[in-house]
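Reviewing the structure listed below.
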Amino acid sequence: MNAQETFTAASPAPAPVSQPPASPFRAPRSVDSEHFAQLSQSIMAVMNTVIDGKEEAVKLALTVMLAGGHLLLEDVPGVGKTLLAKALARTVDCSVNRIQFTPDLLPSDITGVSIFNQSTQAFEFRPGAIFANLVIGDEINRASAKTQSALLESMAEHQVSVDGTSYTLEEPFMVIATQNPIEMEGTYPLPEAQRDRFMARISMGYPDTGAELAMLETHQSVNPLDSVQPVASAQQVAAMIELVTEVHVSAAVKAYTVNIGQATRAHPDLRLGASPRALLQLLRAAKAASALAGRGFVLPDDIHHLAHHVLAHRLIVERRAASQGVTAATVIAEVLASIPVPGGMPDGRAAKDARNR
Amino acid sequence: MSKLLSGRATPEPGHDVGRGIPSEPAPKLLGRPQTGPARWVLAASVFAAVMGTSLSLRGLVVDFSWFPPATLVVACTLLFPALLRRRLPLSPFAPVGALLGWLLGLTLVFFPGTALLGFVPTPATVGAALELASRASTLIMTNNAPVPSAPAIFFLICAGLGFAALLIDTIAITVAMPAASALGLVLIMLPAALTTKAGVGTVGFMAAGAGYLLVLGCCNWYAPEGKIRSASMVQPTGILSRAMALGAAVVLLTALLPAAIPGFTQGSFPQGSRLNGPSGVSELDPMISLGANLRQQSNEVALTYLSNSTSAHYMRLSTLEDFTGKIWQPASFDNSLDPGLGQLSPAPAAGASVPSLDTLTVISTPNLASEWLPAPLSVTDVSGLDGSWLWDPERQTIRSSTSSTAGQQYTVRSKMPRLSRAVLSTASAASGAELDPVFSALPANVPPIVGTTAREVAGDQQSPYAQAVALQDYLRSGAFTYSLDTPVQDGYDGSGMDVLAKFLDVKSGYCIHFSAAMAVMARELGIPSRIAVGYAPGASTSARAELDGQTLNGFQATGRDAHAWPELYFQGLGWVPFEPTPARGSVPDYTQDDTAAAPQASAEPTVAASATPTSTPSATATAAAVAAGGASSTTNRWPLVSGVSAALLLLLATPALARMVVRRRRLGQVRGSPRWGSGLGGSGLADTGLAGTADALVAWRELVATAVDYGYDYDPALTPARHAEKISRMLGRSDPGGLALVLSSYEQAAYGKAESGKNSNGAPGNDELADALETLLARLKTTATPWQRFRATFLPPSFLTRP
């Protein structure tokens, strides 16, 4: 029952030093803002043909990808988590690996293993499933903590170390993991460190009536994934990610982000607040969201909107509070409702500040 | 008709709905009916102004029962033009409608019996109206203000008010000269100002001011340039609130000004508010007005009194003793006088050796409004008086700066020396030390004829008394005639030395001339003198009363009893009145020759016997000693009160003013800042992005502040977009276009890169932003409730909590 299933289109053969793999359409490295908008629009449009009525989740998934983060899809089985991950993988023309996590999955199945080659009389590295642009980790919380931890290094540092050798992963690199809620049978909860590596967690939720009807209509005979054609190359995505980093973040928004993080740490109902990495990822997600909205700067609204998705899965609620119905979501809502949104100074100080930065 | 449209510099779509009739392809005969409240509001404003101003008629009629019919007539007068203005082509005929309404209203109220259906006038109605008018004129001729409350008077008032309403409506709306509508209001105030002492009165004045401002404001807003606005409000421009604030200030000023400046509408002589019109007032001002009163021969009872004496008294009000200057006036008011009215003693008083009579007089003054209190000579005690009154022992007059004699009833006790020829013959003239020099001083310009005549008359008489009697006899002799009209015709009416010379030459005049001649000639002979002004002894009435075991006899003095007479001073006897005017008053018996005692036609001498023997006269000059205190407290109160209320008002207006200043500054900055930016930040870095950025921030801030003023609950934890969303919900209705612009400008300015706003997708121009902001502010105002608007103006929450 080896659940590892590779359906990569491109040849894996990754070298320790990464090089851009050959691609049918070579786009210029840099993408201007107009091109960015066009690309992102077409990616979302294609994904929406696959998944009905989940524009918000699609947009969030794209946001996370453009922010260079990893995505955790958590929901009950059968609402389209894997479909979303696959759709995203299909629309981008890049290498995709899928790992089905099971309790007996080993870390080496993910990272790869060095095998003695009889003919060359040498150990050679057989890369694991992680060596791809897009890695879909299905039901990640069914594997043991040890196996889950194998993802840690690759997700954070985009490299894999096996037998003392580090292998760099291709760019862009993104892990989309799906999991069932931890209360379900046969699940191992992800350790905090592992959860912290995911930029955002998305709950799909059930589709509404209309979308569900449409889904029943369209998905009866054909798999919508089959008709999906890639609309962007890996290089284009990498360039888009690069463009996102150029989005301007004002001092006010940074201060707002920090205030939110500190408020979670000081919150009495939380055992663990938002880490600095969490804030960093929140800001990066916000940048990506701004870029998707065609804006050159981050608004507090972006932070406000993404805080729940980015922070909720990292917070640990005190047991006593949890027993009273407090969840990470309610705490975040509370925090957001209490932190004043900093604005600009009317005398032009903000403008000067922004200029000097 | 297109000229009509192009008349306005900026045709606002909402305004032109009603006036766009000509542009319709097939206009109806009478055009499209006007909509909106304008014509009714205008009519109501004129109505309020007229009825408010009519409050100034208070002093003219004894009560207010004319008010309801007047309301009906004025309402009728204004109803018809308002109805006519529904159709634009009919509105020039609004004055005709007003005339019609006026006539119908008057007919309906006063002559329903003679009219068809109770309101259509017939020839009989005209006859009845003429008859009523003539009856009213008789009433006015025969009565002093306030005239009795009678239908004829009602008719006159209603007709007058209705006519004023017609006039104002025509001038303000039809002719479109709202400022000139003051004419109609002045018309209403004129009778009161001309004929009553109280004048228009504070209430009437304030109501007139407020009404005038109301008419001005409503005309400006509802009928700009004479064209009635037909659609509903377009954009509040703040005219209303500004007008209200300004109007309140003006009205308050009109209330405070008369209070702060005594003598503006009332107070000391001469009265500022009062014109000496043909219809007299029962108050005795010296000289001219005295003559006017006498000429008028008023039958009105000025005062009635009950006295234990069997004969009438001379009732003194004031005295004239300073003969310098062109016009002789009573002494100016002296605040150091003693305000009390108990234990009075004239200074200087008659000596203890002179026997005296105690007299008790109960005086009531129903129709006399004067600052001087009528009282007999030698008052010792006054009781039962309202208000604050001052006793002047030198002149033996009682006066008030704050009260009036109107409607008073009080009891006066006086102690008159029992004078006889024998006593007087021995009296000598004053040594001068005991008396104020003003009583014996003569100005340098005394005409020689006075002195020579005096010495001629006195002849070789030695005692002052004999000289005085000689003067009196001379003036009462057949050489002089009593005439009220000769002085006026010959141009020497009034007072002053020139008048006196002319009088001694022509030898014809009335009491003021006779008394002045005797007083001045007495001084020429060395006898101190003064002229007393008041009422000659009037007629006896049938009224009787009992007080302190004494029977009191009733007397009354009418307007034609107004009089002036000289009082001469004799050492040890005090002031002694004389009567030099022929055929007036009563000649004191102590001046009559025993042998040649030709009994005068009029009553017996003023002094009546009272059984009680006198005790020693009280000491002199207690009053002067106590003088210094007290009196200033009441007079200085008004400036303080007005100052405090002005400060209070300013304090209350502070939030509104501060908010207004802030808003104006911000709007100005948003609109005009490119000049600013380059001017201020000339150091090189500032001229591009800075001004625009700051503008966007200021614009947003002003928007949020105004929203907070109108009740927006500002939550600092909301992002700008959420605020904008909520504010947009507050604005309701359609989507306010400017909001997105203000929001995006703000977001760009507050969170964006300073440079990026400039070159990318075109930052909105300042004018565009300012326009959007102003539209939003106006929208906030229109969607707010009146209470919210009031609060936003006068108690802006953003004044305290700055978002």
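All residue names refer to the structure tokens as shown: chains lettered A, B, ... in order, residues numbered from 1 in each chain, ligands numbered from 1 in order.
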task: Using only C-alpha atoms, determine which residues lie at most 12 Å from A:His219, disregarding the query and same-chain residues fewer than 4 positions distant; provide the list as a count of residues only.
output: 15
field: Shell of 6 Å around B:Ala562, only C-alpha atoms, local chain residues under 2 positions omitted, as a VMD selection string
entry: chain B and resid 534 to 535 559 to 560
- request: Tell me, in Å to one decimal, how far atom CA of A:Leu270 is from atom CA of A:Glu318.
  value: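 Atom CA of A:Glu318 lies 5.2 Å from atom CA of A:Leu270.
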How close does each residue of chain B get to chain A, giving the shortest atom pair and distance in Å to one decimal for every residue with an atom at most 6 Å away, counting only C-alpha atoms, sorted by chain and residue number, as JSON lines?
{"residue": "B:Ala694", "atom": "CA", "partner": "A:Gly348", "partner_atom": "CA", "distance": 4.8}
{"residue": "B:Leu697", "atom": "CA", "partner": "A:Pro346", "partner_atom": "CA", "distance": 5.0}
{"residue": "B:Val698", "atom": "CA", "partner": "A:Pro346", "partner_atom": "CA", "distance": 5.2}
{"residue": "B:Pro716", "atom": "CA", "partner": "A:Pro340", "partner_atom": "CA", "distance": 4.7}
{"residue": "B:Ala717", "atom": "CA", "partner": "A:Pro340", "partner_atom": "CA", "distance": 4.0}
{"residue": "B:Thr719", "atom": "CA", "partner": "A:Asp301", "partner_atom": "CA", "distance": 5.9}
{"residue": "B:Ala750", "atom": "CA", "partner": "A:Gly344", "partner_atom": "CA", "distance": 4.4}
{"residue": "B:Tyr751", "atom": "CA", "partner": "A:Ser250", "partner_atom": "CA", "distance": 5.1}
{"residue": "B:Gly752", "atom": "CA", "partner": "A:Phe297", "partner_atom": "CA", "distance": 5.1}
{"residue": "B:Ala754", "atom": "CA", "partner": "A:Arg355", "partner_atom": "CA", "distance": 5.9}
task: May I have all residues of stretch 12-221 of chain A that DSSP, computed from the backbone, assigns to strand (DSSP E or B), given as a count of residues only?
output: 45
query: Leaving out B:Ser483 and any residue of its chain fewer than 3 positions from it, which residues lie within 7 Å of it when counting only C-alpha atoms, given as a list in words?
result: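 Everything that qualifies: Thr486, Ser508, Gly509 and Tyr510 of chain B.
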Serialized selection, N, CA and C atoms, as a tab-separated table (two decimals), in the first residue's frame:
chain	number	residue	atom	x	y	z
B	486	THR	N	-50.67	131.83	21.64
B	486	THR	CA	-49.86	132.96	21.24
B	486	THR	C	-48.36	132.65	21.20
B	508	SER	N	-48.31	137.75	26.84
B	508	SER	CA	-49.32	136.72	26.62
B	508	SER	C	-48.60	135.37	26.64
B	509	GLY	N	-49.18	134.46	27.35
B	509	GLY	CA	-48.53	133.15	27.42
B	509	GLY	C	-49.33	132.25	28.34
B	510	TYR	N	-48.69	131.17	28.75
B	510	TYR	CA	-49.40	130.28	29.68
B	510	TYR	C	-48.49	129.98	30.86
message: Residues near stretch 542-547 of chain B, anyone? I mean within 12 Å using only C-alpha atoms, not counting same-chain ones fewer than 5 positions away, as a list in words.
response: Thr304, Tyr305, Leu306, Ser307, Asn308, Ser309, Thr310, Leu360, Thr361, Val362, Thr411, Leu552, Asn553, Gly554, Phe555 and Gln556 of chain B
Preceding selection exported with C-alpha atoms as a CSV table (one decimal), in the first residue's frame:
chain,number,residue,atom,x,y,z
B,304,THR,CA,-56.9,110.7,41.4
B,305,TYR,CA,-56.2,111.2,45.1
B,306,LEU,CA,-58.0,111.1,48.4
B,307,SER,CA,-57.0,113.7,50.9
B,308,ASN,CA,-58.0,114.6,54.4
B,309,SER,CA,-58.1,118.2,53.3
B,310,THR,CA,-61.3,119.6,52.0
B,360,LEU,CA,-52.7,112.7,54.5
B,361,THR,CA,-53.0,112.0,50.8
B,362,VAL,CA,-53.7,108.7,49.0
B,411,THR,CA,-50.0,107.2,50.6
B,552,LEU,CA,-60.7,111.4,52.9
B,553,ASN,CA,-62.2,113.4,50.1
B,554,GLY,CA,-61.6,112.4,46.5
B,555,PHE,CA,-60.1,114.6,43.8
B,556,GLN,CA,-58.8,114.1,40.3
message: Between A:Leu283, A:Phe123, A:Ala238, A:Val113, which residue has the minimum interatomic distance to A:Val92, considering only C-alpha atoms?
response: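 Closest residue, counting only C-alpha atoms: A:Ala238.
Computed from the coordinates, the atom CA of B:Val469 to atom CA of B:Pro580 distance equals 9.2 Å.
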query: If you count only C-alpha atoms, which residues fall within 9 Å of A:Arg201, apart from same-chain ones fewer than 4 positions away, as a PyMOL selection string?
result: chain A and resi 70-74+308-313
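Between atom CA of A:Leu151 and atom CA of A:Ile110 the separation is 7.5 Å.
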- prompt: stretch 385-602 of chain B: which residues are alpha helix (DSSP H) by DSSP, as a PyMOL selection string?
  reply: chain B and resi 421-426+448-458+464-476+486-490+497-506+511-524
Take the residues from that selection and put them in a file with C-alpha atoms, as a short mmCIF file (atom, residue, chain, number, x, y, z; two decimals), in the first residue's frame.
data_model
loop_
_atom_site.label_atom_id
_atom_site.label_comp_id
_atom_site.auth_asym_id
_atom_site.auth_seq_id
_atom_site.Cartn_x
_atom_site.Cartn_y
_atom_site.Cartn_z
CA ARG B 421 -49.57 137.23 55.68
CA ALA B 422 -48.45 138.04 59.13
CA VAL B 423 -45.90 135.27 59.26
CA LEU B 424 -44.66 135.92 55.78
CA SER B 425 -44.35 139.63 56.20
CA THR B 426 -41.69 139.13 58.81
CA PRO B 448 -32.31 143.65 30.84
CA ILE B 449 -36.06 143.84 30.53
CA VAL B 450 -36.42 141.21 33.23
CA GLY B 451 -34.44 143.12 35.81
CA THR B 452 -35.93 146.47 35.04
CA THR B 453 -39.45 145.12 35.06
CA ALA B 454 -38.82 143.40 38.36
CA ARG B 455 -37.47 146.48 40.05
CA GLU B 456 -40.23 148.55 38.56
CA VAL B 457 -42.86 146.23 39.91
CA ALA B 458 -41.25 145.84 43.31
CA PRO B 464 -39.17 139.97 50.20
CA TYR B 465 -42.69 138.83 50.78
CA ALA B 466 -44.13 142.13 49.71
CA GLN B 467 -41.94 142.09 46.63
CA ALA B 468 -43.12 138.61 45.77
CA VAL B 469 -46.74 139.53 46.15
CA ALA B 470 -46.14 142.55 44.00
CA LEU B 471 -44.67 140.33 41.28
CA GLN B 472 -47.59 137.96 41.46
CA ASP B 473 -50.10 140.74 41.34
CA TYR B 474 -48.29 142.26 38.40
CA LEU B 475 -48.43 139.04 36.44
CA ARG B 476 -52.04 138.41 37.33
CA THR B 486 -49.86 132.96 21.24
CA PRO B 487 -46.40 131.75 22.20
CA VAL B 488 -46.57 129.11 19.51
CA GLN B 489 -47.72 131.57 16.91
CA ASP B 490 -45.17 134.17 17.90
CA MET B 497 -34.18 133.67 28.72
CA ASP B 498 -35.03 134.86 25.22
CA VAL B 499 -38.48 133.39 25.56
CA LEU B 500 -38.87 135.21 28.84
CA ALA B 501 -37.95 138.55 27.35
CA LYS B 502 -40.39 138.01 24.52
CA PHE B 503 -43.08 137.07 26.97
CA LEU B 504 -42.61 140.20 29.07
CA ASP B 505 -42.89 142.17 25.87
CA VAL B 506 -45.94 140.47 24.36
CA CYS B 511 -48.34 128.90 33.02
CA ILE B 512 -44.79 128.09 32.07
CA HIS B 513 -44.14 131.64 31.00
CA PHE B 514 -45.79 133.19 34.03
CA SER B 515 -44.02 130.95 36.46
CA ALA B 516 -40.69 131.40 34.75
CA ALA B 517 -41.13 135.17 34.71
CA MET B 518 -41.93 135.27 38.38
CA ALA B 519 -39.10 132.92 39.31
CA VAL B 520 -36.49 134.84 37.38
CA MET B 521 -37.72 138.21 38.52
CA ALA B 522 -37.72 137.01 42.12
CA ARG B 523 -34.09 136.06 41.75
CA GLU B 524 -33.42 139.49 40.32
#
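Between B:Leu78 and the candidates B:Trp66, B:Trp102, B:Phe93, B:Trp328, the tightest atom-to-atom separation, counting only C-alpha atoms, involves B:Trp102.
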message: List the spatial neighbours of A:Val331 as a ChimeraX atom specification - criterion: any atom at most 12 Å away, only C-alpha atoms, same-chain residues fewer than 6 positions off excluded.
response: /A:260-261,263-274,307-308,311-313,315-318,321-322,325,337-338
field: Spatial neighbours of B:Phe163, max dist 12 Å, only C-alpha atoms, sep filter under 4 positions, as a ChimeraX atom specification
entry: /B:47,50,70,73-78,95,98-103,105-106,155-159,167-170,183-185,187-188
Write to file, as an mmCIF file, in the first residue's frame, the residues of the selection just made, with C-alpha atoms.
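Output file selection_16.cif follows:
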data_model
loop_
_atom_site.group_PDB
_atom_site.id
_atom_site.type_symbol
_atom_site.label_atom_id
_atom_site.label_comp_id
_atom_site.auth_asym_id
_atom_site.auth_seq_id
_atom_site.Cartn_x
_atom_site.Cartn_y
_atom_site.Cartn_z
ATOM 1 C CA PHE B 47 -47.269 85.703 8.738
ATOM 2 C CA VAL B 50 -46.350 90.398 10.917
ATOM 3 C CA ALA B 70 -56.029 89.966 13.524
ATOM 4 C CA VAL B 73 -57.309 88.539 8.768
ATOM 5 C CA VAL B 74 -53.567 88.295 8.223
ATOM 6 C CA ALA B 75 -53.816 84.573 7.510
ATOM 7 C CA CYS B 76 -56.595 85.262 4.977
ATOM 8 C CA THR B 77 -54.513 87.964 3.349
ATOM 9 C CA LEU B 78 -51.548 85.627 2.910
ATOM 10 C CA PRO B 95 -50.980 91.095 -4.751
ATOM 11 C CA ALA B 98 -53.723 89.391 -1.198
ATOM 12 C CA LEU B 99 -56.040 92.363 -1.574
ATOM 13 C CA LEU B 100 -58.929 90.018 -2.108
ATOM 14 C CA GLY B 101 -57.955 87.971 0.918
ATOM 15 C CA TRP B 102 -57.595 91.092 2.982
ATOM 16 C CA LEU B 103 -61.072 92.325 2.070
ATOM 17 C CA GLY B 105 -60.962 88.419 5.837
ATOM 18 C CA LEU B 106 -62.069 91.777 7.158
ATOM 19 C CA PHE B 155 -61.100 96.737 12.926
ATOM 20 C CA LEU B 156 -58.435 99.372 12.583
ATOM 21 C CA ILE B 157 -55.694 97.083 13.876
ATOM 22 C CA CYS B 158 -56.790 94.140 11.752
ATOM 23 C CA ALA B 159 -56.996 96.280 8.653
ATOM 24 C CA LEU B 167 -47.348 95.026 1.541
ATOM 25 C CA ILE B 168 -44.646 92.685 2.815
ATOM 26 C CA ASP B 169 -45.860 89.804 0.692
ATOM 27 C CA THR B 170 -45.856 91.975 -2.401
ATOM 28 C CA LEU B 183 -41.133 99.020 5.438
ATOM 29 C CA GLY B 184 -44.185 96.970 6.297
ATOM 30 C CA LEU B 185 -42.792 96.019 9.684
ATOM 31 C CA LEU B 187 -45.450 100.527 9.562
ATOM 32 C CA ILE B 188 -46.703 98.205 12.262
#
query: Which one is closest to A:Arg284: A:Ser119, A:Thr245, A:Thr102, A:Asn259? Count only C-alpha atoms.
result: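 Looking only at the distances to A:Arg284, the closest residue turns out to be A:Thr245.
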